[in-house]
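A.B. asks: Let me begin by handing over the structure; questions about it come next.
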Amino acid sequence: FFFQAEDGIRDYKVTGVQTCALPIYVLIFVEGFSGYQTTLQPLKKGGARMLLQSWNDGVEVAMLPLWIRYNSFSDFPKSVDLMPGVPFEKQEMPAGLNQAGALQWVNAQLVSQLEPLSTIKSPQDSYSRNKLLLPLAMVGFLLHFIYYFFFKYLVTYLNKGDIHYDSIMYAGMAAFYPLWLFFLWFVGTSLVASSAAVFIPLIAIISARAYVLWK
């Protein structure tokens, strides 16, 4: 599918070659997935195939390597950095390459530019942690580390290397979080003979947010 730049129309019936022939910019995530990481992952072949098929059909299109990074995984709103490389065209590809060789050449051009771009530090990378949040952040860590590591090892065991690790991890933790809060309340009321134990779930939520902001 593609997004037409001027009006945001999505059309699933238009092929990759037809898309490249349109007077628009097409953004392709050549890694093939989105993950919580800051390094270049192995590239898929879909973007290279679309480019080569367009060239074979006579479509004059250039590939522009572009590294996209954001300042934080959890903070909102996010600050996005777009770091472009140097576009390359069909004329630069060595003659006589077969299909496999051409695919490798295209991805090699992308990797040679994207890897250096991935190492460029954003000005927002340099920040100091808020020391005032440290006490509350440590409370959040103590109240959640068992919950977090339980899901981490469970999802790692069940996931078997699937690229949707982050999605499964988040969905599982979000779905069972009310039960964890109830467990904290139950343990708190058992250990603390006071009506103040009713605030333990609220403290857990606030301290968890403090840990995210501090971390």
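By convention here, the chains of the structure tokens are called A, B, ... in the order presented, each chain's residues are numbered starting at 1, and ligands are numbered starting at 1 in the order presented.
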Please provide as a PyMOL selection string all residues within 12 Å of Pro94 in chain A, with the sequence filter that same-chain residues fewer than 5 positions apart are discarded (counting only C-alpha atoms).
C.D. replies: chain A and resi 89+101-106
A.B. asks: With N, CA and C atoms kept, could you save the residues just selected as a compact mmCIF listing (two decimals), in the first residue's frame?
C.D. replies:
# COMPACT_ATOMS: atom_id res chain seq x y z
N GLU A 89 20.62 6.08 -8.13
CA GLU A 89 19.74 5.74 -9.24
C GLU A 89 20.26 4.52 -10.00
N GLY A 101 22.04 -10.66 -7.33
CA GLY A 101 23.13 -9.71 -7.19
C GLY A 101 22.64 -8.28 -7.12
N ALA A 102 21.59 -7.97 -7.91
CA ALA A 102 21.03 -6.62 -7.89
C ALA A 102 20.38 -6.31 -6.55
N LEU A 103 19.66 -7.30 -6.01
CA LEU A 103 19.05 -7.11 -4.69
C LEU A 103 20.12 -6.84 -3.63
N GLN A 104 21.19 -7.62 -3.67
CA GLN A 104 22.27 -7.43 -2.70
C GLN A 104 22.93 -6.07 -2.88
N TRP A 105 23.06 -5.62 -4.12
CA TRP A 105 23.69 -4.32 -4.37
C TRP A 105 22.85 -3.18 -3.79
N VAL A 106 21.53 -3.24 -4.03
CA VAL A 106 20.65 -2.18 -3.51
C VAL A 106 20.71 -2.14 -1.99
A.B. asks: Need to verify the contact set: Phe176 in chain A, 12 Å, only C-alpha atoms, exclusion of same-chain residues closer than 6 positions in sequence. Can you return it as a ChimeraX atom specification?
C.D. replies: /A:147-148,150-151,169-170,182-183
A.B. asks: To one decimal place in Å, what is the distance between CA of Ala108 in chain A and CA of His164 in chain A?
C.D. replies: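 Separation of CA of Ala108 in chain A and CA of His164 in chain A: 25.8 Å.
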A.B. asks: Give me every alpha helix (DSSP H) residue in range 27-215 of chain A, going by DSSP on the backbone, as a count of residues only.
C.D. replies: 99
A.B. asks: Do you have the CA of Trp55 in chain A-CA of Gln91 in chain A distance handy?
C.D. replies: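 According to the coordinates, CA of Trp55 in chain A and CA of Gln91 in chain A are separated by 9.9 Å.
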